[in-house]
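J.: Dropping a structure here in structure tokens format, bear with me for questions.
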Amino acid sequence: MRERIRVKHYSLRTEHAYVDWARRFIVFHGKRHPAGMGAAEVEAFLSWLAVERNVSASTQNQARAALLFLYQEVLLVNLPWLGEMTAARTSRRLPVVLTPSEVRELLNALDGSGTMHLVASLLYGTGMRLLEGLRLRVKDVEFQRREIIVRAGKGNKDRVTVLPENLIEPLQIQLRRVRRLHQADLDASRGDVELPFALDLKYPSAGRAWGWQYVFPSPVFSIDPRSGVERRHHLNESSVQKAVALAARRAGIAKPCSPHVLRHSFATHMLQAGYDIRTVQELLGHADVATTMIYTHVMNKGGRGVSSPLDGL
């Protein structure tokens with residue numbers, strides 16, 4: 001299953017999720033082989049997730065997609081019933097959005113000179129997703145053009161977003177730190193980073209080139225789960241998530257706060273500043289403008305930008 005997922009160039013996160021759902025499906029039915037099971041077993045597993053485990057509709061649909069991949073792509077079994085099996089209906093939820101003052105308090109609660117403060121500021125200032133920011137390479141930061149190129153974002157698409165003026169100097173300081181770290185790695189006969197799509201075979205020395213280094217490298221080396229090579233990867237996303245959650249508690253913010261909330265706040269505040277929705281859609285990398293339009297529901301004053309009749313009494 002892993003081999004088939006990699007042939008189709010699915011992301012590492014999708015690989016982990018799909019393999020995990022296939023394993024759980026097999027264990028749920030007493031470790032029977034999936035080839036000997038059918039619609040009844042799949043329906044029973046999905047029903048157990050919804051009724052007993054009380055998972056969300058999106059989680060149930062992810063499990064359904066993993067089993068569909070297992071049967072159609074791995075076992076090569078054409079089961080029309082699986083494709084026709086009704087997907088769980090997902091609910092449309094309004095995103096959590098911080099006010100500008102809450103964003104300021106959150107950033108102030110982070111160490112102003114630290115990496116976490118810079119990462120959080122970058123996510124809010126550019127609208128990038130967490131992994132998009134952590135996977136940022138040196139070559140994709142355009143200081144003169146005041147833009148950042150997001151490579152292989154969601155849906156494996158590239159896009160361009162804005163580079164905030166307030167982050168130019170902090171990013172330059174960060175890059176000077178990273179360059180010293182990279183030079184130390186080179187002196188120790190290391191310094192390679194992961195390259196996409198076998199570029200390391202076409203350009204053997206590219207992995208040690210300065211332009212391909214991560215803007216936010218990890219302080220330690222780790223083993224690549226696919227190649228088994230020990231390299232310095234980018235900063236772990238869980239470190240940023242914990243830092244933002246801790247900063248939110250310090251700032252006394254009652255809303256559930258994660259790095260992705262900064263992306264929601266970026267989109268809402270851009271619309272409030274008067275930028276058109278198509279521009280915001282391109283900056284966020286949404287395939288459909290309908291996805292971006294959800295921020296119009298949280299950007300207005302009050303419920304829908306109206307005054308309550310109670311205020312007129």
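We label chains A, B, ... in the order they appear in the structure tokens, count residues from 1 in each chain, and number ligands from 1 in the order shown.
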At a cut-off of 12 Å, can you tabulate as CSV every residue of stretch 109-174 of chain A near stretch 12-36 of chain A together with its closest atom pair and the distance in Å to one decimal, using only C-alpha atoms and ordering rows by chain then number?

T.:
residue,atom,partner,partner_atom,distance
A:Leu131,CA,A:Arg13,CA,11.1
A:Lys154,CA,A:Arg13,CA,11.7
A:Gly155,CA,A:Thr14,CA,11.7

J.: Take the residues just selected and output them with N, CA and C atoms as a PDB file, in the first residue's frame.

T.:
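Output below, filename selection-v6.pdb:
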ATOM      1  N   LEU A 131       2.721  24.015   7.722  1.00  0.00           N
ATOM      2  CA  LEU A 131       3.764  23.261   7.032  1.00  0.00           C
ATOM      3  C   LEU A 131       4.327  24.031   5.840  1.00  0.00           C
ATOM      4  N   LYS A 154      -1.033  22.963  -0.613  1.00  0.00           N
ATOM      5  CA  LYS A 154      -2.123  21.992  -0.635  1.00  0.00           C
ATOM      6  C   LYS A 154      -2.559  21.744  -2.071  1.00  0.00           C
ATOM      7  N   GLY A 155      -2.684  20.474  -2.434  1.00  0.00           N
ATOM      8  CA  GLY A 155      -2.987  20.137  -3.817  1.00  0.00           C
ATOM      9  C   GLY A 155      -1.756  20.150  -4.702  1.00  0.00           C
TER      10      GLY A 155
END

J.: As a ChimeraX atom specification, please: every residue in stretch 132-231 of chain A that a backbone DSSP assignment puts in strand (DSSP E).

T.: /A:141-142,147-150,159-162,222-223,230-231

J.: Could you name the residues that touch A:Leu107 at 12 Å or less, counting only C-alpha atoms, but leaving out those on the same chain fewer than 6 positions away, as an mmCIF file with all heavy atoms, in the first residue's frame?

T.:
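As a result, result_36.cif now contains:
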data_model
loop_
_atom_site.group_PDB
_atom_site.id
_atom_site.type_symbol
_atom_site.label_atom_id
_atom_site.label_comp_id
_atom_site.auth_asym_id
_atom_site.auth_seq_id
_atom_site.Cartn_x
_atom_site.Cartn_y
_atom_site.Cartn_z
ATOM 1 N N LEU A 98 -9.054 35.591 15.300
ATOM 2 C CA LEU A 98 -8.621 36.521 16.337
ATOM 3 C C LEU A 98 -8.800 37.951 15.872
ATOM 4 O O LEU A 98 -8.687 38.239 14.674
ATOM 5 C CB LEU A 98 -7.154 36.278 16.697
ATOM 6 C CG LEU A 98 -6.767 34.878 17.164
ATOM 7 C CD1 LEU A 98 -5.270 34.820 17.447
ATOM 8 C CD2 LEU A 98 -7.559 34.479 18.395
ATOM 9 N N PRO A 100 -7.409 41.905 15.699
ATOM 10 C CA PRO A 100 -6.031 42.423 15.615
ATOM 11 C C PRO A 100 -5.369 42.593 16.981
ATOM 12 O O PRO A 100 -4.176 42.309 17.137
ATOM 13 C CB PRO A 100 -6.207 43.771 14.902
ATOM 14 C CG PRO A 100 -7.428 43.572 14.056
ATOM 15 C CD PRO A 100 -8.337 42.700 14.866
ATOM 16 N N SER A 101 -6.140 43.030 17.977
ATOM 17 C CA SER A 101 -5.553 43.191 19.309
ATOM 18 C C SER A 101 -5.187 41.835 19.914
ATOM 19 O O SER A 101 -4.167 41.710 20.606
ATOM 20 C CB SER A 101 -6.526 43.937 20.224
ATOM 21 O OG SER A 101 -7.739 43.212 20.369
ATOM 22 N N SER A 113 12.326 37.672 20.284
ATOM 23 C CA SER A 113 13.535 37.460 19.484
ATOM 24 C C SER A 113 13.712 36.004 19.075
ATOM 25 O O SER A 113 14.722 35.648 18.482
ATOM 26 C CB SER A 113 14.772 37.903 20.286
ATOM 27 O OG SER A 113 14.870 37.151 21.497
ATOM 28 N N GLY A 114 12.730 35.172 19.415
ATOM 29 C CA GLY A 114 12.862 33.751 19.159
ATOM 30 C C GLY A 114 12.297 33.313 17.827
ATOM 31 O O GLY A 114 11.586 34.054 17.143
ATOM 32 N N THR A 115 12.594 32.072 17.481
ATOM 33 C CA THR A 115 12.140 31.514 16.214
ATOM 34 C C THR A 115 10.630 31.356 16.189
ATOM 35 O O THR A 115 9.993 31.590 15.151
ATOM 36 C CB THR A 115 12.812 30.151 15.978
ATOM 37 O OG1 THR A 115 14.233 30.311 16.009
ATOM 38 C CG2 THR A 115 12.407 29.578 14.630
ATOM 39 N N MET A 116 10.025 30.967 17.312
ATOM 40 C CA MET A 116 8.582 30.752 17.346
ATOM 41 C C MET A 116 7.821 32.046 17.076
ATOM 42 O O MET A 116 6.790 32.044 16.404
ATOM 43 C CB MET A 116 8.157 30.169 18.692
ATOM 44 C CG MET A 116 8.728 28.795 18.975
ATOM 45 S SD MET A 116 8.295 27.598 17.678
ATOM 46 C CE MET A 116 9.289 26.200 18.172
ATOM 47 N N HIS A 117 8.334 33.140 17.595
ATOM 48 C CA HIS A 117 7.702 34.441 17.335
ATOM 49 C C HIS A 117 7.762 34.765 15.847
ATOM 50 O O HIS A 117 6.782 35.251 15.264
ATOM 51 C CB HIS A 117 8.399 35.529 18.151
ATOM 52 C CG HIS A 117 7.804 36.897 17.965
ATOM 53 N ND1 HIS A 117 8.169 37.729 16.913
ATOM 54 C CD2 HIS A 117 6.864 37.574 18.668
ATOM 55 C CE1 HIS A 117 7.480 38.854 17.007
ATOM 56 N NE2 HIS A 117 6.686 38.784 18.047
ATOM 57 N N LEU A 118 8.891 34.481 15.222
ATOM 58 C CA LEU A 118 9.049 34.762 13.791
ATOM 59 C C LEU A 118 8.139 33.862 12.958
ATOM 60 O O LEU A 118 7.515 34.322 11.996
ATOM 61 C CB LEU A 118 10.506 34.571 13.384
ATOM 62 C CG LEU A 118 10.848 34.830 11.916
ATOM 63 C CD1 LEU A 118 10.440 36.234 11.484
ATOM 64 C CD2 LEU A 118 12.342 34.610 11.661
ATOM 65 N N VAL A 119 8.046 32.591 13.324
ATOM 66 C CA VAL A 119 7.178 31.669 12.578
ATOM 67 C C VAL A 119 5.724 32.117 12.681
ATOM 68 O O VAL A 119 5.007 32.187 11.674
ATOM 69 C CB VAL A 119 7.340 30.226 13.094
ATOM 70 C CG1 VAL A 119 6.299 29.307 12.455
ATOM 71 C CG2 VAL A 119 8.731 29.708 12.800
ATOM 72 N N ALA A 120 5.269 32.428 13.894
ATOM 73 C CA ALA A 120 3.885 32.859 14.080
ATOM 74 C C ALA A 120 3.612 34.164 13.342
ATOM 75 O O ALA A 120 2.551 34.330 12.717
ATOM 76 C CB ALA A 120 3.584 33.016 15.569
ATOM 77 N N SER A 121 4.550 35.095 13.382
ATOM 78 C CA SER A 121 4.390 36.361 12.663
ATOM 79 C C SER A 121 4.316 36.122 11.161
ATOM 80 O O SER A 121 3.532 36.773 10.453
ATOM 81 C CB SER A 121 5.555 37.304 12.990
ATOM 82 O OG SER A 121 5.615 37.576 14.367
ATOM 83 N N LEU A 122 5.108 35.178 10.669
ATOM 84 C CA LEU A 122 5.105 34.871 9.235
ATOM 85 C C LEU A 122 3.779 34.253 8.815
ATOM 86 O O LEU A 122 3.239 34.590 7.750
ATOM 87 C CB LEU A 122 6.267 33.931 8.911
ATOM 88 C CG LEU A 122 6.517 33.648 7.428
ATOM 89 C CD1 LEU A 122 7.025 34.904 6.723
ATOM 90 C CD2 LEU A 122 7.522 32.514 7.249
ATOM 91 N N LEU A 123 3.228 33.362 9.635
ATOM 92 C CA LEU A 123 1.950 32.733 9.298
ATOM 93 C C LEU A 123 0.838 33.769 9.249
ATOM 94 O O LEU A 123 -0.014 33.741 8.347
ATOM 95 C CB LEU A 123 1.615 31.646 10.319
ATOM 96 C CG LEU A 123 2.577 30.456 10.410
ATOM 97 C CD1 LEU A 123 2.094 29.453 11.438
ATOM 98 C CD2 LEU A 123 2.758 29.790 9.050
ATOM 99 N N TYR A 124 0.839 34.683 10.212
ATOM 100 C CA TYR A 124 -0.195 35.721 10.216
ATOM 101 C C TYR A 124 0.038 36.742 9.107
ATOM 102 O O TYR A 124 -0.915 37.228 8.491
ATOM 103 C CB TYR A 124 -0.223 36.426 11.571
ATOM 104 C CG TYR A 124 -1.154 37.618 11.600
ATOM 105 C CD1 TYR A 124 -2.531 37.457 11.455
ATOM 106 C CD2 TYR A 124 -0.659 38.915 11.742
ATOM 107 C CE1 TYR A 124 -3.392 38.550 11.465
ATOM 108 C CE2 TYR A 124 -1.508 40.013 11.754
ATOM 109 C CZ TYR A 124 -2.864 39.831 11.614
ATOM 110 O OH TYR A 124 -3.718 40.907 11.611
ATOM 111 N N GLY A 125 1.280 37.062 8.834
ATOM 112 C CA GLY A 125 1.584 38.092 7.842
ATOM 113 C C GLY A 125 1.475 37.649 6.401
ATOM 114 O O GLY A 125 1.377 38.482 5.494
ATOM 115 N N ALA A 243 3.890 25.992 21.211
ATOM 116 C CA ALA A 243 4.292 27.356 21.561
ATOM 117 C C ALA A 243 3.131 28.330 21.403
ATOM 118 O O ALA A 243 2.926 29.207 22.251
ATOM 119 C CB ALA A 243 5.479 27.783 20.698
ATOM 120 N N VAL A 244 2.349 28.184 20.328
ATOM 121 C CA VAL A 244 1.210 29.079 20.101
ATOM 122 C C VAL A 244 0.129 28.849 21.149
ATOM 123 O O VAL A 244 -0.458 29.800 21.677
ATOM 124 C CB VAL A 244 0.657 28.882 18.672
ATOM 125 C CG1 VAL A 244 -0.660 29.620 18.492
ATOM 126 C CG2 VAL A 244 1.671 29.361 17.639
ATOM 127 N N ALA A 245 -0.144 27.584 21.466
ATOM 128 C CA ALA A 245 -1.161 27.281 22.488
ATOM 129 C C ALA A 245 -0.753 27.840 23.846
ATOM 130 O O ALA A 245 -1.581 28.400 24.578
ATOM 131 C CB ALA A 245 -1.381 25.770 22.563
ATOM 132 N N LEU A 246 0.529 27.717 24.189
ATOM 133 C CA LEU A 246 1.015 28.242 25.467
ATOM 134 C C LEU A 246 0.940 29.764 25.490
ATOM 135 O O LEU A 246 0.545 30.366 26.500
ATOM 136 C CB LEU A 246 2.448 27.775 25.706
ATOM 137 C CG LEU A 246 3.119 28.241 27.002
ATOM 138 C CD1 LEU A 246 2.315 27.762 28.211
ATOM 139 C CD2 LEU A 246 4.556 27.736 27.076
ATOM 140 N N ALA A 247 1.298 30.398 24.368
ATOM 141 C CA ALA A 247 1.234 31.859 24.286
ATOM 142 C C ALA A 247 -0.202 32.357 24.408
ATOM 143 O O ALA A 247 -0.459 33.399 25.020
ATOM 144 C CB ALA A 247 1.853 32.337 22.976
ATOM 145 N N ALA A 248 -1.154 31.611 23.855
ATOM 146 C CA ALA A 248 -2.562 31.998 23.954
ATOM 147 C C ALA A 248 -3.032 31.957 25.406
ATOM 148 O O ALA A 248 -3.782 32.832 25.851
ATOM 149 C CB ALA A 248 -3.417 31.085 23.082
ATOM 150 N N ARG A 249 -2.589 30.952 26.144
ATOM 151 C CA ARG A 249 -2.956 30.882 27.566
ATOM 152 C C ARG A 249 -2.318 32.026 28.340
ATOM 153 O O ARG A 249 -2.950 32.615 29.220
ATOM 154 C CB ARG A 249 -2.521 29.537 28.150
ATOM 155 C CG ARG A 249 -3.361 28.357 27.668
ATOM 156 C CD ARG A 249 -3.191 27.148 28.564
ATOM 157 N NE ARG A 249 -1.819 26.649 28.546
ATOM 158 C CZ ARG A 249 -1.369 25.731 27.697
ATOM 159 N NH1 ARG A 249 -2.188 25.226 26.784
ATOM 160 N NH2 ARG A 249 -0.126 25.312 27.763
ATOM 161 N N ARG A 250 -1.083 32.337 28.023
ATOM 162 C CA ARG A 250 -0.411 33.453 28.693
ATOM 163 C C ARG A 250 -1.121 34.774 28.416
ATOM 164 O O ARG A 250 -1.225 35.633 29.295
ATOM 165 C CB ARG A 250 1.038 33.558 28.222
ATOM 166 C CG ARG A 250 1.974 32.473 28.747
ATOM 167 C CD ARG A 250 3.330 32.614 28.102
ATOM 168 N NE ARG A 250 4.260 31.601 28.567
ATOM 169 C CZ ARG A 250 5.427 31.337 27.975
ATOM 170 N NH1 ARG A 250 5.793 32.046 26.917
ATOM 171 N NH2 ARG A 250 6.213 30.403 28.460
ATOM 172 N N ALA A 251 -1.600 34.929 27.175
ATOM 173 C CA ALA A 251 -2.271 36.170 26.789
ATOM 174 C C ALA A 251 -3.710 36.226 27.268
ATOM 175 O O ALA A 251 -4.375 37.250 27.098
ATOM 176 C CB ALA A 251 -2.212 36.337 25.269
ATOM 177 N N ILE A 253 -6.258 34.496 26.081
ATOM 178 C CA ILE A 253 -7.191 34.375 24.960
ATOM 179 C C ILE A 253 -8.051 33.135 25.172
ATOM 180 O O ILE A 253 -7.533 32.013 25.261
ATOM 181 C CB ILE A 253 -6.433 34.295 23.623
ATOM 182 C CG1 ILE A 253 -5.604 35.565 23.411
ATOM 183 C CG2 ILE A 253 -7.391 34.085 22.459
ATOM 184 C CD1 ILE A 253 -4.708 35.522 22.182
ATOM 185 N N PRO A 259 -1.799 27.457 15.246
ATOM 186 C CA PRO A 259 -1.175 28.221 14.161
ATOM 187 C C PRO A 259 -2.110 28.471 12.979
ATOM 188 O O PRO A 259 -2.004 29.500 12.315
ATOM 189 C CB PRO A 259 0.014 27.340 13.753
ATOM 190 C CG PRO A 259 0.362 26.597 15.003
ATOM 191 C CD PRO A 259 -0.944 26.332 15.681
ATOM 192 N N LEU A 262 -4.111 31.708 12.810
ATOM 193 C CA LEU A 262 -3.429 32.895 12.272
ATOM 194 C C LEU A 262 -3.703 33.044 10.778
ATOM 195 O O LEU A 262 -3.810 34.161 10.268
ATOM 196 C CB LEU A 262 -1.930 32.804 12.541
ATOM 197 C CG LEU A 262 -1.537 32.817 14.022
ATOM 198 C CD1 LEU A 262 -0.048 32.520 14.189
ATOM 199 C CD2 LEU A 262 -1.894 34.157 14.656
#

J.: Mind pulling up the distance from atom CA of A:Ser218 to atom CA of A:His233?

T.: 5.6 Å

J.: Within 12 Å of A:Leu49, counting only C-alpha atoms, which residues show up once you throw out same-chain ones fewer than 3 positions away? Write them as number ranges by chain, please.

T.: A: 21, 24-25, 28, 42-46, 52-64, 88

J.: Go ahead and write the selection's residues with N, CA and C atoms as a PDB file, in the first residue's frame.

T.:
ATOM      1  N   TRP A  21      -5.502   3.724   8.558  1.00  0.00           N
ATOM      2  CA  TRP A  21      -6.909   3.322   8.442  1.00  0.00           C
ATOM      3  C   TRP A  21      -7.025   1.887   7.933  1.00  0.00           C
ATOM      4  N   ARG A  24      -6.271  -0.345  10.894  1.00  0.00           N
ATOM      5  CA  ARG A  24      -7.365  -0.368  11.868  1.00  0.00           C
ATOM      6  C   ARG A  24      -8.557  -1.165  11.346  1.00  0.00           C
ATOM      7  N   PHE A  25      -8.807  -1.081  10.042  1.00  0.00           N
ATOM      8  CA  PHE A  25      -9.896  -1.849   9.434  1.00  0.00           C
ATOM      9  C   PHE A  25      -9.637  -3.344   9.563  1.00  0.00           C
ATOM     10  N   PHE A  28      -9.896  -4.403  13.244  1.00  0.00           N
ATOM     11  CA  PHE A  28     -11.294  -4.356  13.687  1.00  0.00           C
ATOM     12  C   PHE A  28     -12.013  -5.654  13.359  1.00  0.00           C
ATOM     13  N   VAL A  42     -17.000  -3.282   5.473  1.00  0.00           N
ATOM     14  CA  VAL A  42     -16.660  -1.860   5.360  1.00  0.00           C
ATOM     15  C   VAL A  42     -17.741  -1.011   6.011  1.00  0.00           C
ATOM     16  N   GLU A  43     -19.000  -1.338   5.765  1.00  0.00           N
ATOM     17  CA  GLU A  43     -20.111  -0.599   6.356  1.00  0.00           C
ATOM     18  C   GLU A  43     -20.094  -0.725   7.872  1.00  0.00           C
ATOM     19  N   ALA A  44     -19.761  -1.901   8.375  1.00  0.00           N
ATOM     20  CA  ALA A  44     -19.705  -2.101   9.820  1.00  0.00           C
ATOM     21  C   ALA A  44     -18.593  -1.267  10.448  1.00  0.00           C
ATOM     22  N   PHE A  45     -17.449  -1.191   9.776  1.00  0.00           N
ATOM     23  CA  PHE A  45     -16.326  -0.411  10.305  1.00  0.00           C
ATOM     24  C   PHE A  45     -16.647   1.076  10.316  1.00  0.00           C
ATOM     25  N   LEU A  46     -17.207   1.587   9.225  1.00  0.00           N
ATOM     26  CA  LEU A  46     -17.552   3.007   9.157  1.00  0.00           C
ATOM     27  C   LEU A  46     -18.668   3.345  10.150  1.00  0.00           C
ATOM     28  N   GLU A  52     -19.885   4.419  17.639  1.00  0.00           N
ATOM     29  CA  GLU A  52     -19.169   4.089  18.872  1.00  0.00           C
ATOM     30  C   GLU A  52     -18.036   5.077  19.158  1.00  0.00           C
ATOM     31  N   ARG A  53     -17.290   5.418  18.130  1.00  0.00           N
ATOM     32  CA  ARG A  53     -16.152   6.322  18.328  1.00  0.00           C
ATOM     33  C   ARG A  53     -16.549   7.787  18.224  1.00  0.00           C
ATOM     34  N   ASN A  54     -17.721   8.053  17.646  1.00  0.00           N
ATOM     35  CA  ASN A  54     -18.245   9.417  17.533  1.00  0.00           C
ATOM     36  C   ASN A  54     -17.272  10.354  16.816  1.00  0.00           C
ATOM     37  N   VAL A  55     -16.672   9.866  15.718  1.00  0.00           N
ATOM     38  CA  VAL A  55     -15.727  10.686  14.964  1.00  0.00           C
ATOM     39  C   VAL A  55     -16.491  11.703  14.121  1.00  0.00           C
ATOM     40  N   SER A  56     -15.791  12.722  13.665  1.00  0.00           N
ATOM     41  CA  SER A  56     -16.409  13.737  12.819  1.00  0.00           C
ATOM     42  C   SER A  56     -16.662  13.172  11.425  1.00  0.00           C
ATOM     43  N   ALA A  57     -17.475  13.901  10.659  1.00  0.00           N
ATOM     44  CA  ALA A  57     -17.790  13.454   9.294  1.00  0.00           C
ATOM     45  C   ALA A  57     -16.543  13.433   8.420  1.00  0.00           C
ATOM     46  N   SER A  58     -15.648  14.410   8.598  1.00  0.00           N
ATOM     47  CA  SER A  58     -14.437  14.447   7.779  1.00  0.00           C
ATOM     48  C   SER A  58     -13.524  13.267   8.092  1.00  0.00           C
ATOM     49  N   THR A  59     -13.451  12.866   9.360  1.00  0.00           N
ATOM     50  CA  THR A  59     -12.647  11.700   9.726  1.00  0.00           C
ATOM     51  C   THR A  59     -13.240  10.429   9.129  1.00  0.00           C
ATOM     52  N   GLN A  60     -14.558  10.307   9.191  1.00  0.00           N
ATOM     53  CA  GLN A  60     -15.215   9.140   8.602  1.00  0.00           C
ATOM     54  C   GLN A  60     -14.993   9.090   7.099  1.00  0.00           C
ATOM     55  N   ASN A  61     -15.040  10.224   6.442  1.00  0.00           N
ATOM     56  CA  ASN A  61     -14.817  10.262   4.995  1.00  0.00           C
ATOM     57  C   ASN A  61     -13.372   9.952   4.641  1.00  0.00           C
ATOM     58  N   GLN A  62     -12.442  10.332   5.515  1.00  0.00           N
ATOM     59  CA  GLN A  62     -11.043   9.988   5.265  1.00  0.00           C
ATOM     60  C   GLN A  62     -10.839   8.478   5.347  1.00  0.00           C
ATOM     61  N   ALA A  63     -11.485   7.845   6.331  1.00  0.00           N
ATOM     62  CA  ALA A  63     -11.400   6.387   6.445  1.00  0.00           C
ATOM     63  C   ALA A  63     -12.011   5.721   5.214  1.00  0.00           C
ATOM     64  N   ARG A  64     -13.122   6.243   4.745  1.00  0.00           N
ATOM     65  CA  ARG A  64     -13.770   5.705   3.539  1.00  0.00           C
ATOM     66  C   ARG A  64     -12.850   5.829   2.337  1.00  0.00           C
ATOM     67  N   ALA A  88     -20.250  10.590   4.475  1.00  0.00           N
ATOM     68  CA  ALA A  88     -20.867  11.321   5.575  1.00  0.00           C
ATOM     69  C   ALA A  88     -20.987  12.802   5.209  1.00  0.00           C
TER      70      ALA A  88
END

J.: Taking 3 positions as the minimum chain separation for residues in the same chain, which residues sit within 10 Å of A:Gln272 when counting only C-alpha atoms? Answer as a list of chain:residue names.

T.: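 Everything that qualifies: A:Phe266, A:Ala267, A:Thr268, A:His269, A:Tyr275, A:Asp276, A:Tyr295, A:Thr296, A:Val298, A:Met299, A:Asn300.
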
J.: Print the selection's residues with N, CA, C and O atoms to a file, as a PDB file, in the first residue's frame.

T.:
ATOM      1  N   PHE A 266      -5.545  36.202   9.116  1.00  0.00           N
ATOM      2  CA  PHE A 266      -4.973  36.919   7.964  1.00  0.00           C
ATOM      3  C   PHE A 266      -6.035  37.176   6.906  1.00  0.00           C
ATOM      4  O   PHE A 266      -6.197  38.308   6.421  1.00  0.00           O
ATOM      5  N   ALA A 267      -6.783  36.130   6.538  1.00  0.00           N
ATOM      6  CA  ALA A 267      -7.794  36.262   5.491  1.00  0.00           C
ATOM      7  C   ALA A 267      -8.884  37.249   5.898  1.00  0.00           C
ATOM      8  O   ALA A 267      -9.285  38.118   5.105  1.00  0.00           O
ATOM      9  N   THR A 268      -9.352  37.142   7.123  1.00  0.00           N
ATOM     10  CA  THR A 268     -10.423  38.027   7.593  1.00  0.00           C
ATOM     11  C   THR A 268      -9.961  39.473   7.649  1.00  0.00           C
ATOM     12  O   THR A 268     -10.673  40.386   7.199  1.00  0.00           O
ATOM     13  N   HIS A 269      -8.773  39.709   8.156  1.00  0.00           N
ATOM     14  CA  HIS A 269      -8.277  41.076   8.282  1.00  0.00           C
ATOM     15  C   HIS A 269      -7.948  41.683   6.919  1.00  0.00           C
ATOM     16  O   HIS A 269      -8.065  42.901   6.736  1.00  0.00           O
ATOM     17  N   TYR A 275      -9.390  44.604   0.647  1.00  0.00           N
ATOM     18  CA  TYR A 275      -8.886  43.837  -0.496  1.00  0.00           C
ATOM     19  C   TYR A 275      -9.994  42.941  -1.038  1.00  0.00           C
ATOM     20  O   TYR A 275     -10.790  42.389  -0.275  1.00  0.00           O
ATOM     21  N   ASP A 276     -10.032  42.805  -2.360  1.00  0.00           N
ATOM     22  CA  ASP A 276     -11.107  42.024  -2.965  1.00  0.00           C
ATOM     23  C   ASP A 276     -10.896  40.540  -2.706  1.00  0.00           C
ATOM     24  O   ASP A 276      -9.778  40.076  -2.459  1.00  0.00           O
ATOM     25  N   TYR A 295     -14.985  33.548   4.997  1.00  0.00           N
ATOM     26  CA  TYR A 295     -14.451  34.591   5.876  1.00  0.00           C
ATOM     27  C   TYR A 295     -15.311  35.848   5.863  1.00  0.00           C
ATOM     28  O   TYR A 295     -15.190  36.674   6.763  1.00  0.00           O
ATOM     29  N   THR A 296     -16.165  35.985   4.866  1.00  0.00           N
ATOM     30  CA  THR A 296     -17.062  37.142   4.861  1.00  0.00           C
ATOM     31  C   THR A 296     -18.107  37.041   5.960  1.00  0.00           C
ATOM     32  O   THR A 296     -18.702  38.050   6.335  1.00  0.00           O
ATOM     33  N   VAL A 298     -17.461  36.207   9.041  1.00  0.00           N
ATOM     34  CA  VAL A 298     -16.896  36.538  10.346  1.00  0.00           C
ATOM     35  C   VAL A 298     -16.184  37.885  10.342  1.00  0.00           C
ATOM     36  O   VAL A 298     -15.618  38.276  11.346  1.00  0.00           O
ATOM     37  N   MET A 299     -16.210  38.595   9.228  1.00  0.00           N
ATOM     38  CA  MET A 299     -15.450  39.829   9.134  1.00  0.00           C
ATOM     39  C   MET A 299     -16.241  41.064   9.549  1.00  0.00           C
ATOM     40  O   MET A 299     -15.678  42.098   9.852  1.00  0.00           O
ATOM     41  N   ASN A 300     -17.566  40.979   9.543  1.00  0.00           N
ATOM     42  CA  ASN A 300     -18.375  42.168   9.806  1.00  0.00           C
ATOM     43  C   ASN A 300     -18.563  42.406  11.296  1.00  0.00           C
ATOM     44  O   ASN A 300     -18.413  41.510  12.123  1.00  0.00           O
TER      45      ASN A 300
END

J.: Could you pull out the helix (DSSP H, G or I) residues of stretch 218-303 of chain A, going by DSSP on the backbone, and write them as a PyMOL selection string?

T.: chain A and resi 237-251+259-272+277-284+289-297

J.: Let me make sure I understand: among A:Val193, A:Ile148, A:Ala188, A:Val261, which one has the smallest atom-to-atom distance to A:Arg208 if we use only C-alpha atoms?

T.: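 Closest candidate: A:Val193.
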
J.: For A:Thr126, please output as an NGL selection string all residues within 10 Å (counting only C-alpha atoms; exclusion window: fewer than 6 positions along the same chain).

T.: :A and (133 or 147-148 or 160-164 or 262-263 or 266-267 or 283-284)

J.: Please indicate the distance in Å from atom CA of A:Ala109 to atom CA of A:Pro95, rounded to one decimal place.

T.: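 Calculated distance between atom CA of A:Ala109 and atom CA of A:Pro95 is 22.4 Å.
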
J.: As an exercise, work out the distance from atom CA of A:Leu134 to atom CA of A:Arg6 in Å and give it to one decimal place.

T.: 22.2 Å

J.: At a cut-off of 12 Å, using only C-alpha atoms, what residues contact A:Ile223? Leave out same-chain residues fewer than 3 positions from it and give the result as a PyMOL selection string.

T.: chain A and resi 193-194+220+226-233

J.: Determine the nearest neighbour of A:Val138 from the options A:Thr99, A:Asn108, A:Gln213, A:Gln174, counting only C-alpha atoms.

T.: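 Answer, going by the shortest atom-to-atom distance: A:Gln213.
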